Amino acid sequence: MTAISLGMPAAPPPVLAPRRKTRKIRVGKVEVGGDAPVSVQSMTTTPTTDINATLQQIAELTASGCDIVRVAVPSADDAAALPAIAAKSQIPVIADIHFQPKYVFAAIDAGCAAVRVNPGNIRKFDDQVKEISAAAKDAGVSLRIGVNAGSLDKRLLEKYGKPTAEALVESAVWEASLFEEHDFHDFKISVKHNDPVVMVRAYELLSQRGDWPLHLGVTEAGPAFQGTIKSATAFGALLSQGIGDTIRVSLSAPPVEEVKVGNQILQSLNLRPRKLEIVSCPSCGRAQVDVYTLAEKVTAGLEGMEVPLRVAVMGCVVNGPGEAREADLGVASGNGKGQIFVKGEVVKTVPESMIVETLIDEAMRIAETMPAPENDAQAGAPVVSVG
């Protein structure tokens, strides 16, 4: 009989669609577009003028799997803080510029990896594209053309009546053409809207107009739960079509939470290597153990595990043995005990009171034999799946 390999696949996992072919740019040491992995971004919430607090938050973001960080630059004092932040940050820093074009040049001079410009609210932006292009090109700095529904050019609002997908795309394509007229091509584009349906349509239309790398985002997505749903829905719709080269989940929550959500979205689509994945049933009348508590305790006990390990925590005899058998490590629980599976084989049966302890011990033992992901910064937080 031919042996069946169970557990996490050794071959690259399948994706829903090939990545859209885009030009590749650099944001410092991180490549965006082309064949580069989809990167995760976030934005600091500290005052940029507080250099130590900002660097501390950047360190926390880096540890959580953030690839690129953006900092706000609303004033001259913020611009003055950029050189120290850009020099000491572990990941590339993007300066976020609105209203004052002079801060674009200040950010370039400060050594920032990239600059985000909002054409809709920078005074006489189009008149300064030539100078911005020259300065960015000389410094090797890339740009993001950030079109936003909340700050769309008044001329386009008058034309379309509101910030429609078509209006966002028209703005983005126009600004891109201005930079390209000056032979500047190192930019990515975003067309953000707070409505996921409008946002998805805008990116679909924009992806048909050129090979620019695209930064995905649902702007003003809302509190953690609502924003997570909006972002996961919109990003999933686009990434499943191969559209999107870098993402930022916008939440009314600590920025580390944005990174965790972004990583898990990419992991769920096999666009980023997975770390720990807990597969657990949602529980039902068939369950003979407290699956909720078991899954929570196992997740907490394995927090921080770096290797790609799938652990199944199942609570009944219907799907439990099958799910546990197909995971790297699993338990099928019932009648006050649990069968422990390792790579598809039952290795022991333990009392219910020992299930958590046994799973953690077995997971640690397996982890010692597995290499950690090559790119730890892009592996993200543990994933919990409910069956």
# chains A, B, ... in the order shown; residues from 1 in each chain; ligands from 1
>>> select_by_dssp(residues="segment 35-126 of chain A", states="alpha helix (DSSP H)", output="PyMOL selection string")
chain A and resi 51-63+76-88+102-109
>>> residues_around(residues="segment 164-168 of chain A", least_positions_apart="4", cutoff="9 Å", atoms="only C-alpha atoms", output="list in words")
Val147, Asn148, Ala149, Leu152, Leu156, Leu157, Lys159, Tyr160, Ala172, Val173, Val191, Lys192, His193, Val198, Met199, Val200, Arg201, Ala202, Tyr203, Leu205 and Leu206 of chain A
>>> write_last_selection(atoms="N, CA, C and O atoms", output="PDB file, in the first residue's frame")
ATOM      1  N   VAL A 147      -4.521  58.127  -3.526  1.00  0.00           N
ATOM      2  CA  VAL A 147      -5.819  58.734  -3.795  1.00  0.00           C
ATOM      3  C   VAL A 147      -6.811  58.225  -2.753  1.00  0.00           C
ATOM      4  O   VAL A 147      -6.882  57.020  -2.489  1.00  0.00           O
ATOM      5  N   ASN A 148      -7.576  59.144  -2.175  1.00  0.00           N
ATOM      6  CA  ASN A 148      -8.459  58.789  -1.076  1.00  0.00           C
ATOM      7  C   ASN A 148      -9.841  59.398  -1.302  1.00  0.00           C
ATOM      8  O   ASN A 148      -9.957  60.557  -1.695  1.00  0.00           O
ATOM      9  N   ALA A 149     -10.871  58.607  -1.033  1.00  0.00           N
ATOM     10  CA  ALA A 149     -12.242  59.086  -1.250  1.00  0.00           C
ATOM     11  C   ALA A 149     -12.547  60.335  -0.446  1.00  0.00           C
ATOM     12  O   ALA A 149     -13.337  61.192  -0.871  1.00  0.00           O
ATOM     13  N   LEU A 152     -10.713  63.700  -2.373  1.00  0.00           N
ATOM     14  CA  LEU A 152     -10.630  63.676  -3.829  1.00  0.00           C
ATOM     15  C   LEU A 152     -10.649  65.103  -4.381  1.00  0.00           C
ATOM     16  O   LEU A 152     -11.292  65.998  -3.818  1.00  0.00           O
ATOM     17  N   LEU A 156     -12.998  66.458  -9.766  1.00  0.00           N
ATOM     18  CA  LEU A 156     -13.530  65.115  -9.988  1.00  0.00           C
ATOM     19  C   LEU A 156     -14.825  64.899  -9.214  1.00  0.00           C
ATOM     20  O   LEU A 156     -15.726  64.198  -9.694  1.00  0.00           O
ATOM     21  N   LEU A 157     -14.928  65.504  -8.054  1.00  0.00           N
ATOM     22  CA  LEU A 157     -16.189  65.415  -7.319  1.00  0.00           C
ATOM     23  C   LEU A 157     -17.324  66.086  -8.087  1.00  0.00           C
ATOM     24  O   LEU A 157     -18.457  65.602  -8.117  1.00  0.00           O
ATOM     25  N   LYS A 159     -17.428  66.398 -11.315  1.00  0.00           N
ATOM     26  CA  LYS A 159     -17.689  65.595 -12.516  1.00  0.00           C
ATOM     27  C   LYS A 159     -18.533  64.357 -12.201  1.00  0.00           C
ATOM     28  O   LYS A 159     -19.479  64.038 -12.936  1.00  0.00           O
ATOM     29  N   TYR A 160     -18.202  63.649 -11.118  1.00  0.00           N
ATOM     30  CA  TYR A 160     -18.860  62.376 -10.812  1.00  0.00           C
ATOM     31  C   TYR A 160     -19.949  62.491  -9.743  1.00  0.00           C
ATOM     32  O   TYR A 160     -20.713  61.547  -9.553  1.00  0.00           O
ATOM     33  N   ALA A 172      -6.045  58.740 -10.043  1.00  0.00           N
ATOM     34  CA  ALA A 172      -4.788  57.999  -9.948  1.00  0.00           C
ATOM     35  C   ALA A 172      -4.066  57.920 -11.279  1.00  0.00           C
ATOM     36  O   ALA A 172      -2.844  58.120 -11.357  1.00  0.00           O
ATOM     37  N   VAL A 173      -4.804  57.631 -12.338  1.00  0.00           N
ATOM     38  CA  VAL A 173      -4.187  57.495 -13.660  1.00  0.00           C
ATOM     39  C   VAL A 173      -3.619  58.836 -14.124  1.00  0.00           C
ATOM     40  O   VAL A 173      -2.532  58.900 -14.726  1.00  0.00           O
ATOM     41  N   VAL A 191      -6.013  53.490  -4.161  1.00  0.00           N
ATOM     42  CA  VAL A 191      -7.287  54.173  -4.402  1.00  0.00           C
ATOM     43  C   VAL A 191      -8.244  53.713  -3.303  1.00  0.00           C
ATOM     44  O   VAL A 191      -9.048  52.813  -3.491  1.00  0.00           O
ATOM     45  N   LYS A 192      -8.160  54.364  -2.153  1.00  0.00           N
ATOM     46  CA  LYS A 192      -8.861  53.891  -0.965  1.00  0.00           C
ATOM     47  C   LYS A 192     -10.261  54.492  -0.830  1.00  0.00           C
ATOM     48  O   LYS A 192     -10.486  55.658  -1.123  1.00  0.00           O
ATOM     49  N   HIS A 193     -11.154  53.658  -0.335  1.00  0.00           N
ATOM     50  CA  HIS A 193     -12.531  54.067  -0.068  1.00  0.00           C
ATOM     51  C   HIS A 193     -12.990  53.322   1.177  1.00  0.00           C
ATOM     52  O   HIS A 193     -12.486  52.232   1.480  1.00  0.00           O
ATOM     53  N   VAL A 198     -16.989  49.571  -3.325  1.00  0.00           N
ATOM     54  CA  VAL A 198     -16.430  50.620  -4.181  1.00  0.00           C
ATOM     55  C   VAL A 198     -14.918  50.459  -4.284  1.00  0.00           C
ATOM     56  O   VAL A 198     -14.327  50.593  -5.362  1.00  0.00           O
ATOM     57  N   MET A 199     -14.287  50.157  -3.165  1.00  0.00           N
ATOM     58  CA  MET A 199     -12.831  49.989  -3.148  1.00  0.00           C
ATOM     59  C   MET A 199     -12.399  48.857  -4.068  1.00  0.00           C
ATOM     60  O   MET A 199     -11.473  48.994  -4.863  1.00  0.00           O
ATOM     61  N   VAL A 200     -13.064  47.716  -3.975  1.00  0.00           N
ATOM     62  CA  VAL A 200     -12.708  46.568  -4.823  1.00  0.00           C
ATOM     63  C   VAL A 200     -12.865  46.931  -6.289  1.00  0.00           C
ATOM     64  O   VAL A 200     -11.995  46.635  -7.124  1.00  0.00           O
ATOM     65  N   ARG A 201     -13.965  47.590  -6.629  1.00  0.00           N
ATOM     66  CA  ARG A 201     -14.191  47.961  -8.023  1.00  0.00           C
ATOM     67  C   ARG A 201     -13.117  48.927  -8.520  1.00  0.00           C
ATOM     68  O   ARG A 201     -12.640  48.801  -9.657  1.00  0.00           O
ATOM     69  N   ALA A 202     -12.717  49.860  -7.670  1.00  0.00           N
ATOM     70  CA  ALA A 202     -11.691  50.820  -8.068  1.00  0.00           C
ATOM     71  C   ALA A 202     -10.375  50.122  -8.387  1.00  0.00           C
ATOM     72  O   ALA A 202      -9.722  50.419  -9.399  1.00  0.00           O
ATOM     73  N   TYR A 203      -9.969  49.192  -7.536  1.00  0.00           N
ATOM     74  CA  TYR A 203      -8.708  48.489  -7.788  1.00  0.00           C
ATOM     75  C   TYR A 203      -8.811  47.579  -9.011  1.00  0.00           C
ATOM     76  O   TYR A 203      -7.836  47.415  -9.751  1.00  0.00           O
ATOM     77  N   LEU A 205     -10.600  48.187 -11.667  1.00  0.00           N
ATOM     78  CA  LEU A 205     -10.479  49.077 -12.825  1.00  0.00           C
ATOM     79  C   LEU A 205      -9.043  49.570 -12.993  1.00  0.00           C
ATOM     80  O   LEU A 205      -8.512  49.613 -14.111  1.00  0.00           O
ATOM     81  N   LEU A 206      -8.413  49.943 -11.886  1.00  0.00           N
ATOM     82  CA  LEU A 206      -7.051  50.462 -11.957  1.00  0.00           C
ATOM     83  C   LEU A 206      -6.074  49.406 -12.453  1.00  0.00           C
ATOM     84  O   LEU A 206      -5.140  49.717 -13.214  1.00  0.00           O
TER      85      LEU A 206
END
>>> residues_around(residues="segment 102-112 of chain A", least_positions_apart="6", cutoff="10 Å", atoms="only C-alpha atoms", output="compact mmCIF listing (two decimals) with all heavy atoms, in the first residue's frame")
# COMPACT_ATOMS: atom_id res chain seq x y z
N VAL A 27 11.00 49.89 -1.61
CA VAL A 27 10.76 50.78 -0.48
C VAL A 27 11.86 50.44 0.51
O VAL A 27 11.74 49.52 1.33
CB VAL A 27 9.37 50.56 0.14
CG1 VAL A 27 9.16 51.47 1.34
CG2 VAL A 27 8.28 50.79 -0.90
N GLY A 28 12.98 51.14 0.40
CA GLY A 28 14.15 50.75 1.17
C GLY A 28 14.60 49.37 0.80
O GLY A 28 14.79 49.05 -0.38
N ARG A 70 4.66 53.58 8.21
CA ARG A 70 4.43 54.96 7.77
C ARG A 70 4.30 55.85 9.00
O ARG A 70 3.71 55.45 10.00
CB ARG A 70 3.16 55.00 6.91
CG ARG A 70 2.84 56.34 6.30
CD ARG A 70 1.95 56.16 5.06
NE ARG A 70 0.87 55.22 5.24
CZ ARG A 70 -0.41 55.56 5.39
NH1 ARG A 70 -0.77 56.84 5.38
NH2 ARG A 70 -1.35 54.65 5.51
N VAL A 73 3.55 63.28 9.01
CA VAL A 73 4.40 64.47 8.99
C VAL A 73 3.53 65.71 8.75
O VAL A 73 3.55 66.30 7.67
CB VAL A 73 5.50 64.35 7.91
CG1 VAL A 73 6.51 65.49 8.06
CG2 VAL A 73 6.21 63.01 7.99
N PRO A 74 2.75 66.12 9.76
CA PRO A 74 1.88 67.28 9.56
C PRO A 74 2.54 68.62 9.85
O PRO A 74 1.95 69.66 9.57
CB PRO A 74 0.75 67.02 10.57
CG PRO A 74 1.40 66.25 11.66
CD PRO A 74 2.45 65.40 11.00
N SER A 75 3.76 68.61 10.41
CA SER A 75 4.37 69.89 10.79
C SER A 75 5.87 69.87 10.56
O SER A 75 6.48 68.82 10.32
CB SER A 75 4.10 70.17 12.27
OG SER A 75 4.88 69.31 13.09
N ALA A 76 6.47 71.07 10.68
CA ALA A 76 7.92 71.20 10.52
C ALA A 76 8.66 70.42 11.61
O ALA A 76 9.72 69.83 11.36
CB ALA A 76 8.32 72.67 10.57
N ASP A 78 7.67 67.64 13.00
CA ASP A 78 7.63 66.22 12.60
C ASP A 78 8.67 65.95 11.53
O ASP A 78 9.36 64.92 11.57
CB ASP A 78 6.24 65.86 12.08
CG ASP A 78 5.16 65.99 13.14
OD1 ASP A 78 5.27 65.28 14.15
OD2 ASP A 78 4.24 66.79 12.96
N ALA A 79 8.78 66.84 10.56
CA ALA A 79 9.78 66.68 9.50
C ALA A 79 11.18 66.66 10.09
O ALA A 79 12.05 65.89 9.63
CB ALA A 79 9.64 67.79 8.47
N ALA A 80 11.41 67.47 11.11
CA ALA A 80 12.73 67.54 11.74
C ALA A 80 13.09 66.24 12.45
O ALA A 80 14.28 65.92 12.64
CB ALA A 80 12.79 68.70 12.72
N ALA A 81 12.08 65.47 12.86
CA ALA A 81 12.33 64.20 13.55
C ALA A 81 12.62 63.05 12.60
O ALA A 81 13.11 61.99 13.03
CB ALA A 81 11.11 63.84 14.41
N LEU A 82 12.35 63.24 11.32
CA LEU A 82 12.47 62.14 10.36
C LEU A 82 13.88 61.56 10.23
O LEU A 82 14.03 60.33 10.13
CB LEU A 82 11.96 62.57 8.99
CG LEU A 82 10.44 62.76 8.87
CD1 LEU A 82 10.08 63.29 7.48
CD2 LEU A 82 9.71 61.45 9.15
N PRO A 83 14.94 62.37 10.18
CA PRO A 83 16.27 61.77 10.00
C PRO A 83 16.61 60.73 11.06
O PRO A 83 17.12 59.65 10.75
CB PRO A 83 17.22 62.98 10.06
CG PRO A 83 16.38 64.12 9.60
CD PRO A 83 15.01 63.84 10.14
N ALA A 84 16.32 61.03 12.33
CA ALA A 84 16.63 60.09 13.40
C ALA A 84 15.77 58.83 13.31
O ALA A 84 16.26 57.71 13.51
CB ALA A 84 16.42 60.76 14.76
N ILE A 85 14.49 59.01 12.98
CA ILE A 85 13.60 57.85 12.88
C ILE A 85 13.99 56.97 11.70
O ILE A 85 14.07 55.73 11.83
CB ILE A 85 12.14 58.33 12.76
CG1 ILE A 85 11.71 59.03 14.06
CG2 ILE A 85 11.21 57.16 12.44
CD1 ILE A 85 10.36 59.72 13.96
N ALA A 86 14.24 57.57 10.54
CA ALA A 86 14.61 56.80 9.36
C ALA A 86 15.92 56.05 9.57
O ALA A 86 16.08 54.91 9.10
CB ALA A 86 14.71 57.72 8.15
N ALA A 87 16.85 56.66 10.28
CA ALA A 87 18.16 56.05 10.48
C ALA A 87 18.10 54.87 11.45
O ALA A 87 18.85 53.90 11.29
CB ALA A 87 19.15 57.10 10.99
N PRO A 92 11.79 49.82 6.68
CA PRO A 92 11.71 51.06 5.91
C PRO A 92 10.61 51.99 6.40
O PRO A 92 9.51 51.55 6.75
CB PRO A 92 11.43 50.57 4.49
CG PRO A 92 11.95 49.18 4.46
CD PRO A 92 11.70 48.62 5.83
N VAL A 93 10.91 53.28 6.41
CA VAL A 93 9.98 54.30 6.88
C VAL A 93 9.44 55.10 5.70
O VAL A 93 10.20 55.58 4.85
CB VAL A 93 10.67 55.26 7.87
CG1 VAL A 93 9.76 56.44 8.23
CG2 VAL A 93 11.09 54.51 9.13
N ILE A 94 8.12 55.24 5.66
CA ILE A 94 7.45 56.08 4.67
C ILE A 94 6.93 57.33 5.37
O ILE A 94 6.29 57.23 6.42
CB ILE A 94 6.27 55.35 4.00
CG1 ILE A 94 6.76 54.12 3.25
CG2 ILE A 94 5.51 56.28 3.06
CD1 ILE A 94 5.64 53.31 2.61
N ALA A 95 7.21 58.49 4.82
CA ALA A 95 6.67 59.74 5.36
C ALA A 95 5.32 60.01 4.72
O ALA A 95 5.17 59.94 3.50
CB ALA A 95 7.63 60.89 5.06
N ASP A 96 4.34 60.30 5.56
CA ASP A 96 2.97 60.54 5.10
C ASP A 96 2.75 62.05 5.00
O ASP A 96 2.72 62.75 6.01
CB ASP A 96 1.99 59.92 6.10
CG ASP A 96 0.57 59.92 5.59
OD1 ASP A 96 0.32 59.22 4.60
OD2 ASP A 96 -0.28 60.62 6.18
N ILE A 122 -2.73 68.36 -1.52
CA ILE A 122 -1.46 69.09 -1.52
C ILE A 122 -1.59 70.26 -2.48
O ILE A 122 -1.92 70.07 -3.67
CB ILE A 122 -0.29 68.18 -1.93
CG1 ILE A 122 -0.06 67.11 -0.86
CG2 ILE A 122 0.99 69.00 -2.13
CD1 ILE A 122 1.09 66.17 -1.15
N GLU A 131 9.64 68.66 -9.97
CA GLU A 131 10.65 68.81 -8.91
C GLU A 131 10.65 67.61 -7.97
O GLU A 131 11.70 67.14 -7.54
CB GLU A 131 10.39 70.10 -8.13
CG GLU A 131 10.67 71.38 -8.90
CD GLU A 131 9.61 71.70 -9.94
OE1 GLU A 131 8.50 71.11 -9.87
OE2 GLU A 131 9.88 72.53 -10.83
N ILE A 132 9.45 67.11 -7.64
CA ILE A 132 9.36 65.93 -6.76
C ILE A 132 10.00 64.72 -7.44
O ILE A 132 10.76 63.97 -6.82
CB ILE A 132 7.90 65.65 -6.39
CG1 ILE A 132 7.34 66.77 -5.50
CG2 ILE A 132 7.77 64.30 -5.69
CD1 ILE A 132 5.86 66.65 -5.21
N ALA A 135 13.87 65.05 -7.35
CA ALA A 135 14.43 64.85 -6.02
C ALA A 135 14.36 63.38 -5.61
O ALA A 135 15.33 62.83 -5.05
CB ALA A 135 13.69 65.73 -5.02
N ALA A 136 13.22 62.74 -5.87
CA ALA A 136 13.06 61.33 -5.50
C ALA A 136 14.00 60.44 -6.30
O ALA A 136 14.61 59.51 -5.75
CB ALA A 136 11.61 60.90 -5.70
N LYS A 137 14.13 60.72 -7.57
CA LYS A 137 15.01 59.92 -8.42
C LYS A 137 16.46 60.05 -7.97
O LYS A 137 17.19 59.05 -7.86
CB LYS A 137 14.87 60.35 -9.88
CG LYS A 137 15.69 59.49 -10.85
CD LYS A 137 15.54 59.96 -12.28
CE LYS A 137 14.16 59.73 -12.82
NZ LYS A 137 14.04 60.06 -14.26
N ASP A 138 16.90 61.25 -7.68
CA ASP A 138 18.28 61.47 -7.25
C ASP A 138 18.58 60.75 -5.94
O ASP A 138 19.70 60.28 -5.72
CB ASP A 138 18.55 62.97 -7.08
CG ASP A 138 18.60 63.71 -8.40
OD1 ASP A 138 18.72 63.03 -9.46
OD2 ASP A 138 18.52 64.94 -8.40
N ALA A 139 17.58 60.67 -5.06
CA ALA A 139 17.79 60.06 -3.75
C ALA A 139 17.48 58.56 -3.73
O ALA A 139 17.72 57.90 -2.71
CB ALA A 139 16.92 60.76 -2.71
N GLY A 140 16.95 58.04 -4.82
CA GLY A 140 16.56 56.63 -4.84
C GLY A 140 15.37 56.34 -3.95
O GLY A 140 15.26 55.25 -3.37
N VAL A 141 14.47 57.31 -3.86
CA VAL A 141 13.29 57.19 -3.01
C VAL A 141 12.06 56.91 -3.87
O VAL A 141 11.86 57.55 -4.90
CB VAL A 141 13.09 58.49 -2.20
CG1 VAL A 141 11.74 58.49 -1.49
CG2 VAL A 141 14.22 58.65 -1.18
N SER A 142 11.24 55.97 -3.45
CA SER A 142 10.00 55.69 -4.18
C SER A 142 8.86 56.49 -3.57
O SER A 142 8.97 57.05 -2.48
CB SER A 142 9.68 54.20 -4.18
OG SER A 142 9.50 53.73 -2.86
N LEU A 143 7.74 56.53 -4.28
CA LEU A 143 6.57 57.29 -3.85
C LEU A 143 5.34 56.39 -3.84
O LEU A 143 5.31 55.35 -4.50
CB LEU A 143 6.30 58.46 -4.79
CG LEU A 143 7.41 59.50 -4.99
CD1 LEU A 143 6.97 60.51 -6.04
CD2 LEU A 143 7.75 60.20 -3.68
>>> residues_around(residues="Lys188 of chain A", least_positions_apart="4", cutoff="9 Å", atoms="only C-alpha atoms", output="PyMOL selection string")
chain A and resi 25+32-33+142-146+212-215+245
>>> write_last_selection(atoms="C-alpha atoms", output="tab-separated table (two decimals), in the first residue's frame")
chain	number	residue	atom	x	y	z
A	25	ILE	CA	9.87	49.09	-7.02
A	32	VAL	CA	7.11	45.76	-3.84
A	33	GLY	CA	5.52	44.41	-7.01
A	142	SER	CA	10.00	55.69	-4.18
A	143	LEU	CA	6.57	57.29	-3.85
A	144	ARG	CA	3.01	56.23	-3.23
A	145	ILE	CA	0.31	58.13	-5.04
A	146	GLY	CA	-2.40	57.88	-2.41
A	212	TRP	CA	1.74	49.90	-11.42
A	213	PRO	CA	2.21	48.04	-8.14
A	214	LEU	CA	-0.88	48.54	-5.99
A	215	HIS	CA	-1.18	49.29	-2.28
A	245	ASP	CA	1.31	44.04	-3.94
>>> closest_residue(among="A:Ser280, A:Ser42, A:Thr246, A:Gln339", to="Met354 of chain A", atoms="only C-alpha atoms")
A:Gln339
>>> atom_distance(atom1="atom CA of Ser39 of chain A", atom2="atom CA of Ala234 of chain A")
16.3 Å
>>> closest_residue(among="A:Asn194, A:Thr299, A:Ser89, A:Thr293", to="Gly315 of chain A", atoms="only C-alpha atoms")
A:Thr293
>>> residues_around(residues="Glu181 of chain A", least_positions_apart="2", cutoff="12 Å", atoms="only C-alpha atoms", output="VMD selection string")
chain A and resid 126 129 to 130 133 to 134 174 to 179 183 to 185
>>> write_last_selection(atoms="C-alpha atoms", output="short mmCIF file (atom, residue, chain, number, x, y, z; two decimals), in the first residue's frame")
data_model
loop_
_atom_site.label_atom_id
_atom_site.label_comp_id
_atom_site.auth_asym_id
_atom_site.auth_seq_id
_atom_site.Cartn_x
_atom_site.Cartn_y
_atom_site.Cartn_z
CA ASP A 126 0.48 68.86 -10.19
CA VAL A 129 5.57 66.86 -9.98
CA LYS A 130 8.71 67.66 -11.99
CA SER A 133 10.30 63.41 -9.46
CA ALA A 134 13.82 64.79 -9.78
CA TRP A 174 -3.84 61.25 -14.21
CA GLU A 175 -1.26 61.64 -11.46
CA ALA A 176 0.64 58.57 -12.65
CA SER A 177 0.83 60.02 -16.13
CA LEU A 178 2.35 63.24 -14.79
CA PHE A 179 5.17 61.37 -13.06
CA ASP A 183 10.46 59.64 -16.56
CA PHE A 184 9.74 58.73 -12.95
CA HIS A 185 8.35 55.23 -12.50
#
>>> closest_residue(among="A:Val197, A:Leu359, A:Ala59, A:Ala36", to="Lys88 of chain A", atoms="only C-alpha atoms")
A:Ala59
>>> closest_residue(among="A:Val249, A:Leu302, A:Val350, A:Val71", to="Gly336 of chain A", atoms="only C-alpha atoms")
A:Val350
>>> closest_residue(among="A:Val256, A:Ala72, A:Glu31, A:Gln241", to="Ile58 of chain A", atoms="only C-alpha atoms")
A:Val256
>>> atom_distance(atom1="atom CA of Leu251 of chain A", atom2="atom CA of Met43 of chain A")
10.3 Å
>>> atom_distance(atom1="atom CA of Gly236 of chain A", atom2="atom CA of Asp153 of chain A")
28.6 Å
>>> residues_around(residues="Phe235 of chain A", least_positions_apart="4", cutoff="10 Å", atoms="only C-alpha atoms", output="list of chain:residue names")
A:Pro196, A:Met199, A:Val200, A:Leu216, A:Gly217, A:Val218, A:Ile229, A:Lys230, A:Ser231, A:Leu239, A:Ser240, A:Gln241, A:Ile243, A:Gly244, A:Ile247, A:Arg248, A:Val249, A:Gly262, A:Ile265, A:Leu266
>>> select_by_dssp(residues="segment 78-118 of chain A", states="strand (DSSP E or B)", output="list in words")
Val93, Ile94, Ala95, Asp96, Ile97, Ala114, Val115, Arg116 and Val117 of chain A
